[in-house]
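What's in model20.txt: compact mmCIF, C-alpha atoms
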# COMPACT_ATOMS: atom_id res chain seq x y z
CA MET G 1 -20.70 -4.65 -4.79
CA THR G 2 -21.58 -5.76 -1.27
CA HIS G 3 -23.73 -4.00 1.30
CA GLN G 4 -20.51 -2.61 2.79
CA ASP G 5 -19.90 -0.72 -0.47
CA ILE G 6 -23.24 1.13 -0.50
CA PRO G 7 -21.73 4.62 0.09
CA LEU G 8 -19.28 4.13 -2.77
CA SER G 9 -21.95 2.64 -5.02
CA ALA G 10 -24.26 5.59 -4.42
CA ALA G 11 -21.48 8.08 -5.10
CA LEU G 12 -20.43 6.32 -8.30
CA ALA G 13 -24.01 6.24 -9.57
CA ALA G 14 -24.61 9.90 -8.77
CA THR G 15 -21.84 11.39 -10.90
CA ALA G 16 -21.49 11.75 -14.65
CA GLU G 17 -17.83 12.79 -14.51
CA ASP G 18 -14.67 10.78 -14.02
CA ARG G 19 -13.73 10.88 -10.35
CA LEU G 20 -12.04 8.89 -7.59
CA PHE G 21 -14.03 8.24 -4.40
CA PHE G 22 -12.88 7.26 -0.90
CA ASP G 23 -15.19 5.96 1.82
CA LEU G 24 -13.96 7.51 5.08
CA ALA G 25 -16.29 5.49 7.31
CA GLY G 26 -15.15 2.32 5.56
CA ILE G 27 -11.50 3.21 6.15
CA GLU G 28 -12.16 3.87 9.82
CA GLU G 29 -13.91 0.51 10.13
CA ARG G 30 -10.91 -1.22 8.53
CA TYR G 31 -8.72 0.45 11.16
CA ALA G 32 -11.03 -0.76 13.94
CA SER G 33 -11.03 -4.28 12.49
CA LEU G 34 -7.23 -4.31 12.48
CA LEU G 35 -7.15 -3.41 16.18
CA ARG G 36 -9.63 -6.20 16.89
CA GLU G 37 -7.38 -8.69 15.11
CA LEU G 38 -4.14 -7.43 16.68
CA PRO G 39 -5.02 -6.01 20.10
CA GLY G 40 -2.47 -3.65 21.57
CA VAL G 41 -0.53 -2.88 18.41
CA THR G 42 0.43 0.66 17.46
CA VAL G 43 -0.76 1.53 13.96
CA ARG G 44 1.31 3.82 11.76
CA PHE G 45 -0.54 4.28 8.46
CA ALA G 46 1.75 3.95 5.43
CA MET G 47 0.54 7.21 3.97
CA LYS G 48 2.20 6.62 0.60
CA ALA G 49 -0.75 4.31 -0.09
CA CYS G 50 -3.24 7.17 0.10
CA PRO G 51 -1.81 10.65 0.83
CA VAL G 52 -5.23 12.29 1.05
CA ASP G 53 -5.77 14.87 3.78
CA GLU G 54 -9.25 13.69 4.69
CA VAL G 55 -8.06 10.09 5.03
CA LEU G 56 -5.12 11.12 7.21
CA ALA G 57 -7.37 13.26 9.39
CA ARG G 58 -9.93 10.49 9.88
CA LEU G 59 -7.28 7.95 10.83
CA ALA G 60 -5.58 10.44 13.14
CA GLU G 61 -8.91 11.07 14.91
CA ALA G 62 -9.24 7.30 15.36
CA GLY G 63 -5.78 7.13 16.94
CA ALA G 64 -3.48 6.08 14.09
CA GLY G 65 -0.04 7.51 13.52
CA VAL G 66 1.88 7.69 10.25
CA ASP G 67 4.81 5.92 8.61
CA ALA G 68 6.40 8.74 6.61
CA ALA G 69 9.12 8.42 3.98
CA SER G 70 9.90 12.08 3.30
CA ILE G 71 9.75 15.55 4.81
CA PRO G 72 6.70 16.57 2.70
CA GLU G 73 4.84 13.50 3.97
CA MET G 74 5.65 14.45 7.56
CA GLU G 75 4.51 18.03 7.01
CA GLN G 76 1.27 16.90 5.38
CA ALA G 77 0.57 14.46 8.20
CA VAL G 78 1.06 17.19 10.82
CA ARG G 79 -1.26 19.55 8.92
CA ALA G 80 -3.87 16.79 8.84
CA GLY G 81 -3.76 16.45 12.61
CA VAL G 82 -1.31 13.61 13.22
CA PRO G 83 0.75 14.38 16.36
CA ILE G 84 4.46 14.59 15.69
CA GLY G 85 5.08 11.84 18.26
CA GLY G 86 2.91 9.54 16.17
CA ILE G 87 5.13 9.87 13.07
CA HIS G 88 8.30 7.93 12.40
CA TYR G 89 10.79 8.26 9.56
CA GLY G 90 10.32 4.86 8.01
CA ASN G 91 12.56 5.31 4.98
CA THR G 92 16.08 3.90 5.23
CA VAL G 93 17.06 6.05 2.22
CA LYS G 94 17.67 9.64 3.35
CA SER G 95 20.27 12.37 2.99
CA ASP G 96 21.96 14.33 5.75
CA ARG G 97 19.63 17.23 5.03
CA ASN G 98 16.58 14.96 5.20
CA ILE G 99 17.64 13.72 8.63
CA ALA G 100 18.33 17.21 9.97
CA ASP G 101 15.03 18.56 8.64
CA ALA G 102 13.08 15.68 10.17
CA HIS G 103 14.80 16.20 13.50
CA ARG G 104 13.94 19.92 13.44
CA LEU G 105 10.30 18.96 12.83
CA GLY G 106 10.37 16.89 16.00
CA ILE G 107 10.79 13.39 14.55
CA ARG G 108 12.64 11.16 17.00
CA ASP G 109 12.20 7.66 15.53
CA PHE G 110 14.26 6.76 12.48
CA ALA G 111 14.51 3.56 10.42
CA THR G 112 17.98 2.48 9.38
CA ASP G 113 19.79 -0.45 7.77
CA SER G 114 23.43 0.62 7.39
CA LEU G 115 26.39 1.97 9.32
CA GLU G 116 26.57 5.00 7.04
CA ASP G 117 22.99 5.93 7.80
CA VAL G 118 23.44 5.41 11.54
CA ALA G 119 26.47 7.72 11.53
CA ALA G 120 24.46 10.38 9.71
CA ILE G 121 21.56 10.08 12.17
CA ALA G 122 23.95 10.42 15.10
CA GLU G 123 25.39 13.61 13.59
CA HIS G 124 22.18 15.27 12.42
CA ALA G 125 19.62 13.88 14.89
CA PRO G 126 21.60 13.39 18.10
CA GLY G 127 19.92 11.27 20.73
CA ALA G 128 17.34 9.88 18.30
CA ARG G 129 15.81 6.42 18.49
CA VAL G 130 16.64 4.03 15.65
CA PHE G 131 15.03 0.79 14.53
CA CYS G 132 16.87 -1.48 12.12
CA ARG G 133 15.19 -3.02 9.11
CA LEU G 134 15.99 -6.66 8.33
CA ALA G 135 16.06 -8.20 4.88
CA ILE G 136 13.72 -11.18 4.76
CA ASP G 137 12.24 -13.61 2.26
CA THR G 138 9.19 -11.97 0.66
CA ARG G 139 8.15 -14.78 -1.65
CA GLY G 140 4.38 -15.04 -1.80
CA ALA G 141 3.85 -11.29 -2.16
CA LEU G 142 2.77 -9.54 -5.34
CA TRP G 143 5.49 -6.99 -4.73
CA GLY G 144 8.62 -8.04 -2.80
CA LEU G 145 10.37 -5.21 -0.98
CA SER G 146 13.62 -6.49 0.51
CA ASP G 147 16.20 -5.93 -2.25
CA LYS G 148 16.36 -2.16 -1.85
CA TYR G 149 15.86 -2.19 1.92
CA GLY G 150 17.03 -4.19 4.88
CA CYS G 151 20.23 -5.79 6.10
CA SER G 152 21.41 -9.20 7.25
CA THR G 153 21.17 -10.53 10.79
CA ALA G 154 24.86 -9.90 11.43
CA ASP G 155 24.71 -6.39 10.00
CA ALA G 156 21.65 -5.56 12.10
CA VAL G 157 23.53 -6.44 15.30
CA THR G 158 26.50 -4.30 14.23
CA VAL G 159 24.26 -1.40 13.20
CA LEU G 160 22.43 -1.31 16.54
CA GLU G 161 25.62 -1.75 18.56
CA THR G 162 27.13 1.17 16.66
CA ALA G 163 24.00 3.24 17.24
CA ARG G 164 24.45 2.74 20.99
CA GLU G 165 28.11 3.71 20.81
CA LEU G 166 27.20 6.92 18.94
CA GLY G 167 24.72 8.04 21.57
CA LEU G 168 21.56 6.91 19.81
CA THR G 169 18.92 4.67 21.36
CA PRO G 170 18.70 1.27 19.62
CA SER G 171 14.96 0.91 20.01
CA GLY G 172 13.68 -1.72 17.62
CA LEU G 173 13.74 -3.97 14.60
CA SER G 174 11.51 -3.87 11.54
CA VAL G 175 10.54 -6.16 8.69
CA HIS G 176 8.26 -6.04 5.68
CA VAL G 177 6.91 -9.28 4.22
CA GLY G 178 6.10 -7.67 0.86
CA SER G 179 3.02 -5.93 -0.42
CA GLN G 180 -0.11 -8.10 -0.72
CA GLN G 181 1.62 -11.01 0.98
CA MET G 182 -0.52 -14.11 0.49
CA THR G 183 1.32 -16.75 2.54
CA VAL G 184 1.60 -17.66 6.20
CA GLU G 185 5.12 -18.98 5.57
CA ALA G 186 6.45 -15.47 4.93
CA TRP G 187 5.33 -14.38 8.39
CA HIS G 188 6.82 -17.48 10.02
CA GLY G 189 10.15 -16.71 8.37
CA ALA G 190 10.00 -13.06 9.44
CA PHE G 191 9.44 -13.97 13.09
CA GLU G 192 12.29 -16.50 13.04
CA ARG G 193 14.65 -13.85 11.68
CA LEU G 194 13.49 -11.32 14.27
CA ALA G 195 13.97 -13.85 17.09
CA GLU G 196 17.51 -14.58 15.89
CA VAL G 197 18.48 -10.91 16.06
CA LEU G 198 16.74 -10.30 19.40
CA THR G 199 18.69 -13.19 20.90
CA ALA G 200 21.99 -11.90 19.52
CA LEU G 201 21.29 -8.38 20.82
CA ASP G 202 20.34 -9.70 24.24
CA GLY G 203 23.78 -11.31 24.46
CA ARG G 204 25.30 -7.87 23.91
CA GLY G 205 23.20 -6.15 26.53
CA ILE G 206 20.83 -4.44 24.10
CA ALA G 207 17.15 -4.76 25.04
CA LEU G 208 14.89 -3.29 22.39
CA ASP G 209 11.48 -1.87 23.24
CA HIS G 210 9.54 -2.64 20.06
CA VAL G 211 9.30 -4.58 16.83
CA ASN G 212 7.84 -2.99 13.71
CA LEU G 213 6.08 -5.65 11.62
CA GLY G 214 5.67 -3.35 8.62
CA GLY G 215 2.86 -3.67 6.14
CA GLY G 216 1.98 -6.38 3.65
CA LEU G 217 -1.45 -7.28 5.02
CA PRO G 218 -3.39 -8.41 1.95
CA VAL G 219 -6.89 -7.51 0.85
CA PRO G 220 -9.47 -9.53 -1.10
CA GLY G 221 -11.47 -8.11 -3.97
CA CYS G 222 -8.88 -7.98 -6.74
CA LEU G 223 -7.68 -10.40 -9.37
CA ASP G 224 -4.11 -11.27 -10.15
CA ARG G 225 -2.72 -10.36 -13.57
CA HIS G 226 -4.06 -13.63 -14.99
CA GLY G 227 -7.58 -12.83 -13.81
CA ARG G 228 -7.61 -15.26 -10.90
CA PRO G 229 -9.24 -14.06 -7.65
CA LEU G 230 -6.83 -13.03 -4.92
CA ASP G 231 -8.27 -14.76 -1.88
CA PRO G 232 -5.78 -14.35 0.98
CA PRO G 233 -6.12 -16.64 4.03
CA ILE G 234 -6.55 -13.57 6.22
CA ASP G 235 -7.67 -15.41 9.37
CA LYS G 236 -4.61 -17.67 9.24
CA LEU G 237 -2.35 -14.72 8.58
CA PHE G 238 -3.60 -12.83 11.62
CA ALA G 239 -3.30 -15.96 13.75
CA ALA G 240 0.31 -16.37 12.62
CA ILE G 241 1.06 -12.74 13.51
CA ARG G 242 -0.50 -13.06 16.97
CA ASP G 243 1.45 -16.26 17.61
CA GLY G 244 4.63 -14.62 16.36
CA MET G 245 4.20 -11.63 18.64
CA ALA G 246 3.81 -13.92 21.66
CA TYR G 247 6.88 -15.87 20.54
CA LEU G 248 9.04 -12.73 20.33
CA ASP G 249 7.90 -11.66 23.80
CA SER G 250 9.18 -14.95 25.18
CA VAL G 251 12.46 -14.74 23.24
CA GLY G 252 13.21 -11.22 24.38
CA GLY G 253 12.48 -12.01 27.99
CA HIS G 254 10.50 -8.80 28.38
CA ARG G 255 7.35 -7.26 27.02
CA LEU G 256 7.80 -5.77 23.56
CA GLY G 257 5.67 -3.17 21.87
CA PHE G 258 4.53 -3.95 18.34
CA VAL G 259 3.98 -1.55 15.45
CA VAL G 260 2.25 -2.26 12.14
CA GLU G 261 2.32 -0.09 9.02
CA PRO G 262 -0.82 -0.94 7.03
CA GLY G 263 -1.47 0.89 3.80
CA ARG G 264 -3.28 -1.25 1.27
CA TYR G 265 -5.18 -3.09 4.02
CA LEU G 266 -6.90 0.09 5.18
CA VAL G 267 -7.74 1.81 1.90
CA ALA G 268 -7.71 -0.54 -1.11
CA GLY G 269 -11.30 -1.72 -0.84
CA GLN G 270 -12.52 1.70 0.24
CA GLY G 271 -11.71 3.46 -3.01
CA ALA G 272 -13.36 3.31 -6.42
CA ILE G 273 -13.13 5.23 -9.68
CA ARG G 274 -15.95 6.34 -11.94
CA ALA G 275 -14.43 6.24 -15.43
CA HIS G 276 -15.90 5.81 -18.89
CA VAL G 277 -15.34 3.79 -22.03
CA SER G 278 -13.18 5.49 -24.63
CA ARG G 279 -13.65 2.69 -27.15
CA LEU G 280 -14.25 -1.04 -27.46
CA SER G 281 -12.58 -2.15 -30.66
CA ALA G 282 -11.54 -5.36 -32.38
CA ARG G 283 -8.57 -5.78 -34.69
CA ARG G 284 -6.32 -8.51 -35.94
CA GLY G 285 -2.80 -8.79 -34.60
CA ARG G 286 0.34 -9.96 -36.32
CA ASP G 287 -0.70 -13.55 -35.73
CA GLY G 288 -3.93 -12.95 -37.64
CA ARG G 289 -6.15 -13.52 -34.64
CA ARG G 290 -8.94 -11.06 -33.82
CA GLN G 291 -8.49 -9.35 -30.46
CA TYR G 292 -10.86 -7.08 -28.54
CA TRP G 293 -9.43 -4.03 -26.79
CA LEU G 294 -11.32 -2.05 -24.16
CA TYR G 295 -9.85 1.43 -23.79
CA LEU G 296 -10.82 3.23 -20.59
CA SER G 297 -10.56 6.91 -19.71
CA CYS G 298 -8.15 6.05 -16.87
CA GLY G 299 -5.23 3.69 -16.78
CA LYS G 300 -1.71 3.14 -15.49
CA PHE G 301 -0.81 6.83 -15.38
CA ASN G 302 -3.98 8.25 -13.84
CA GLY G 303 -5.26 5.92 -11.17
CA LEU G 304 -4.49 2.30 -12.07
CA TYR G 305 -0.71 2.10 -11.76
CA GLU G 306 -0.72 -1.45 -10.40
CA MET G 307 -2.33 -2.93 -13.50
CA ASP G 308 0.97 -4.65 -14.30
CA GLU G 309 0.45 -7.08 -11.38
CA LEU G 310 -3.31 -7.20 -10.82
CA GLN G 311 -6.66 -6.70 -12.46
CA TYR G 312 -9.13 -4.29 -10.93
CA PRO G 313 -12.77 -5.46 -10.76
CA LEU G 314 -14.86 -3.60 -13.33
CA VAL G 315 -18.59 -2.88 -13.18
CA PHE G 316 -20.56 -1.70 -16.23
CA PRO G 317 -23.70 -0.22 -14.65
CA THR G 318 -25.58 0.33 -17.93
CA HIS G 319 -24.90 -3.21 -19.16
CA GLY G 320 -25.97 -5.41 -16.26
CA GLY G 321 -28.42 -8.22 -15.94
CA PRO G 322 -28.60 -11.75 -17.33
CA GLY G 323 -28.16 -12.48 -21.00
CA VAL G 324 -25.56 -9.78 -21.65
CA ARG G 325 -23.22 -11.01 -24.35
CA ARG G 326 -19.59 -10.61 -23.33
CA VAL G 327 -16.31 -10.78 -25.19
CA PRO G 328 -12.74 -11.31 -23.91
CA ALA G 329 -10.78 -8.07 -24.10
CA VAL G 330 -7.45 -6.55 -23.18
CA VAL G 331 -8.12 -3.59 -20.88
CA ALA G 332 -6.02 -0.51 -21.54
CA GLY G 333 -5.81 3.12 -20.52
CA PRO G 334 -6.15 6.20 -22.74
CA THR G 335 -2.53 7.26 -23.23
CA CYS G 336 -0.35 6.69 -26.25
CA ASP G 337 1.94 4.37 -24.32
CA SER G 338 2.16 0.59 -24.66
CA ASP G 339 2.70 0.13 -20.90
CA ASP G 340 -0.75 1.60 -20.27
CA ALA G 341 -2.51 -1.77 -20.57
CA TYR G 342 -2.95 -5.19 -19.12
CA SER G 343 -0.57 -7.52 -20.90
CA PRO G 344 -2.37 -9.48 -23.66
CA GLY G 345 -0.39 -12.49 -22.43
CA HIS G 346 -2.18 -12.33 -19.09
CA GLY G 347 -5.84 -13.01 -18.45
CA LEU G 348 -8.36 -11.30 -20.69
CA VAL G 349 -11.35 -9.56 -19.15
CA GLN G 350 -14.92 -10.46 -20.08
CA VAL G 351 -16.68 -7.21 -21.02
CA PRO G 352 -20.11 -6.45 -22.55
CA GLU G 353 -19.93 -6.60 -26.34
CA ALA G 354 -22.37 -3.67 -26.66
CA LEU G 355 -20.15 -1.17 -24.83
CA ALA G 356 -20.11 2.22 -26.52
CA SER G 357 -17.89 5.24 -26.17
CA GLY G 358 -18.96 7.26 -23.14
CA ASP G 359 -20.54 4.38 -21.19
CA PRO G 360 -19.72 4.55 -17.47
CA VAL G 361 -17.30 2.08 -15.89
CA TRP G 362 -16.78 1.60 -12.16
CA VAL G 363 -13.29 0.48 -11.17
CA LEU G 364 -13.43 -1.13 -7.72
CA SER G 365 -10.85 -1.90 -5.02
CA CYS G 366 -8.48 0.79 -6.26
CA GLY G 367 -8.13 2.91 -3.13
CA ALA G 368 -4.48 1.99 -2.60
CA TYR G 369 -1.88 3.98 -4.52
CA ALA G 370 -4.45 5.49 -6.89
CA THR G 371 -3.57 9.08 -5.97
CA SER G 372 0.10 8.72 -5.12
CA TYR G 373 1.07 7.01 -8.37
CA MET G 374 -0.79 9.44 -10.66
CA THR G 375 1.26 11.53 -13.03
CA GLN G 376 0.61 15.25 -13.19
CA GLY G 377 -0.52 15.05 -16.78
CA PHE G 378 1.29 12.44 -18.86
CA ASN G 379 0.14 12.74 -22.48
CA GLY G 380 -2.21 15.49 -21.32
CA PHE G 381 -4.31 13.16 -19.16
CA GLY G 382 -4.43 14.89 -15.78
CA PRO G 383 -4.85 13.31 -12.36
CA LEU G 384 -8.39 12.41 -11.38
CA PRO G 385 -10.14 14.67 -8.87
CA TYR G 386 -11.32 12.91 -5.76
CA THR G 387 -14.25 13.09 -3.36
CA CYS G 388 -14.48 11.60 0.12
CA VAL G 389 -17.82 10.10 1.10
CA ASP G 390 -18.83 9.35 4.65
CA GLY G 391 -21.71 6.98 5.32
CA GLY G 392 -23.38 7.90 2.05
CA GLY G 393 -22.76 11.66 2.18
CA ALA G 394 -20.07 13.56 0.33
CA GLY G 395 -17.13 14.85 2.29
CA GLY G 396 -14.20 16.92 1.10
CA ALA G 397 -13.38 17.17 -2.56
CA GLY G 398 -10.24 18.16 -4.37
CA LYS G 399 -7.55 17.24 -6.83
CA ALA G 400 -5.69 14.00 -6.30
CA ARG G 401 -2.14 14.64 -5.17
CA GLY G 402 1.00 12.59 -4.84
CA GLY G 403 2.93 12.04 -1.66

Show me the file's structure as structure tokens.
Amino acid sequence: MTHQDIPLSAALAATAEDRLFFDLAGIEERYASLLRELPGVTVRFAMKACPVDEVLARLAEAGAGVDAASIPEMEQAVRAGVPIGGIHYGNTVKSDRNIADAHRLGIRDFATDSLEDVAAIAEHAPGARVFCRLAIDTRGALWGLSDKYGCSTADAVTVLETARELGLTPSGLSVHVGSQQMTVEAWHGAFERLAEVLTALDGRGIALDHVNLGGGLPVPGCLDRHGRPLDPPIDKLFAAIRDGMAYLDSVGGHRLGFVVEPGRYLVAGQGAIRAHVSRLSARRGRDGRRQYWLYLSCGKFNGLYEMDELQYPLVFPTHGGPGVRRVPAVVAGPTCDSDDAYSPGHGLVQVPEALASGDPVWVLSCGAYATSYMTQGFNGFGPLPYTCVDGGGAGGAGKARGG
């Protein structure tokens, strides 16, 4: 762990029980660093990445809004101190009742990507502002997000023209380059698609006031599923975004506002789990080869949902130092479910051979989606409780909850 992780390291070392920790000061610093990289942007935290009240409150105090995908998320954000004007309905999938309930709460900005959705917004949220999500190429991301969401260039023009005809305000466009996007090319493609639609809308007398660039900002500190370090070219990515923003300003012929929806970028490296070893065992498979398996007290269903696409860094605090003999192992969680494991076909993890049941394990860089993807008790393994630390001191504590 680096000097920046000292609060988390101290918290992990101080507990003997399994627990998830979030560093509030670290999250706030990530927010500040994002504003330094992208001056003038409006930040709407993708709260699905970490629906923790203390995190929402800290970001709200710093000036961040929220990208909400459901009524319960909106209500939680308001309770945590996020002003209603700082929340938009970022989900293109919503029922008539969802739209009406959001409108009653005071939500006035709605994402959309279809004529059916626009018609429903016009009926149940009259006068609302709508921004249309475009489908783009998300190659280069660990998780691509454009199959379920987003429409074509031609459809986007039709959707926003129809919104105007129905008394709505066509206010913006949005994209998402995919979660943990590692390439500059994805951003270049996104800006070209946005420019194409802005030009087409300008020809129809529609001048938008903002572009929502979504999330996808990657974080270092993890390994891919083969055990290779994920080392995103973050400086080049930010440079490409700044250049793209300037390009869209020139295409639109007027100053645009820009919104970003970071989730993983703000919280991934600011969360860690104290778990323990259930068992390190070795057995022969069907091919006759001996294979080590490291079973942890947490896994896919209680904190480490993304283990199908990445490997979380592991620290074994009672087995450090030079000369420790290590063995290659498949890492797996505690449940009686075959999905609760890294695939043996992916990279094996080097772990101390002397690990014993009960030894502590620190799982790093797991602050994103750790709480929101936890089951309520699959196989009897309940969600981890969490504690927020702040500059080395403990903050609020409670049960992890989904959002």

- Message: What does the structure give for the distance between CA of Tyr31 in chain G and CA of Cys388 in chain G, in Å to one decimal?
- Response: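 Going from CA of Tyr31 in chain G over to CA of Cys388 in chain G covers 16.7 Å.
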
Using only C-alpha atoms, which protein or nucleic acid residues come within 9 Å of range 5-13 of chain G? Drop anything in the same chain fewer than 6 positions from it, and give the result as a CSV table (one decimal) with C-alpha atoms, in the frame of the given file.
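Final file, out16.csv:
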chain,number,residue,atom,x,y,z
G,19,ARG,CA,-13.7,10.9,-10.4
G,20,LEU,CA,-12.0,8.9,-7.6
G,21,PHE,CA,-14.0,8.2,-4.4
G,22,PHE,CA,-12.9,7.3,-0.9
G,23,ASP,CA,-15.2,6.0,1.8
G,26,GLY,CA,-15.2,2.3,5.6
G,269,GLY,CA,-11.3,-1.7,-0.8
G,270,GLN,CA,-12.5,1.7,0.2
G,271,GLY,CA,-11.7,3.5,-3.0
G,272,ALA,CA,-13.4,3.3,-6.4
G,273,ILE,CA,-13.1,5.2,-9.7
G,274,ARG,CA,-16.0,6.3,-11.9
G,317,PRO,CA,-23.7,-0.2,-14.6
G,362,TRP,CA,-16.8,1.6,-12.2
G,387,THR,CA,-14.2,13.1,-3.4
G,389,VAL,CA,-17.8,10.1,1.1
G,390,ASP,CA,-18.8,9.4,4.6
G,391,GLY,CA,-21.7,7.0,5.3
G,392,GLY,CA,-23.4,7.9,2.0
G,393,GLY,CA,-22.8,11.7,2.2
G,394,ALA,CA,-20.1,13.6,0.3

- Message: For Gln311 in chain G, find every residue with an atom within 7 Å (counting only C-alpha atoms), except residues of its own chain fewer than 3 positions away, and show them as a list in words.
- Response: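 Within the cut-off, the hits are Cys222, Leu223, Asp224, Arg225, Gly227 and Met307 of chain G.
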
- Query: When distances are computed from all atoms listed in the file, which of G:Val52, G:Val219, G:Val211, G:Ala356 shows the smallest separation from Gly252 in chain G?
  - Reply: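 Going through G:Val52, G:Val219, G:Val211, G:Ala356 one by one, the smallest distance to Gly252 in chain G is for G:Val211.
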
- Message: Would you pick out the contacts of Arg97 in chain G at 10 Å or less, using only C-alpha atoms, so that residues sharing its chain but fewer than 5 positions from it are not included, and give the list as a list in words?
- Response: Ala102, His103, Ala120 and His124 of chain G

- Query: Skipping near chain neighbours, those fewer than 2 positions away, what residues fall within 10 Å of Val118 in chain G using all atoms listed in the file, listed as a list in words?
  - Reply: Thr92, Phe110, Ala111, Thr112, Asp113, Ser114, Leu115, Glu116, Ala120, Ile121, Ala122, Glu123, His124, Ala125, Val130, Cys132, Val159, Leu160, Thr162, Ala163, Arg164, Leu166 and Leu168 of chain G

- Query: Smallest atom-to-atom distance to Ser372 in chain G: which of G:Leu304, G:Val351, G:Val277, G:Ala156, using all atoms listed in the file?
  - Reply: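 The shortest atom-to-atom distance to Ser372 in chain G comes from G:Leu304.
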
- Which is closer to Ala100 in chain G than all the others in G:Ser250, G:Val82, G:Ser70, G:Asp339, using all atoms listed in the file?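 Result for the nearest residue to Ala100 in chain G: G:Ser70.
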
- Hey, can you check how far CA of Leu201 in chain G sits from CA of Val157 in chain G?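 Computed distance, CA of Leu201 in chain G to CA of Val157 in chain G, equals 6.3 Å.
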
- Can you work out which one of G:Tyr342, G:Phe131, G:Tyr265, G:Phe316 has the shortest atom-to-atom distance to Cys366 in chain G, counting all atoms listed in the file?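 Between G:Tyr342, G:Phe131, G:Tyr265, G:Phe316, the residue approaching Cys366 in chain G most closely is G:Tyr265.
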
- Query: Using only C-alpha atoms, which of the listed residues (G:Val363, G:Ser278, G:Thr318, G:Ser357) sits closest to Pro334 in chain G?
  - Reply: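 Closest residue, counting only C-alpha atoms: G:Ser278.
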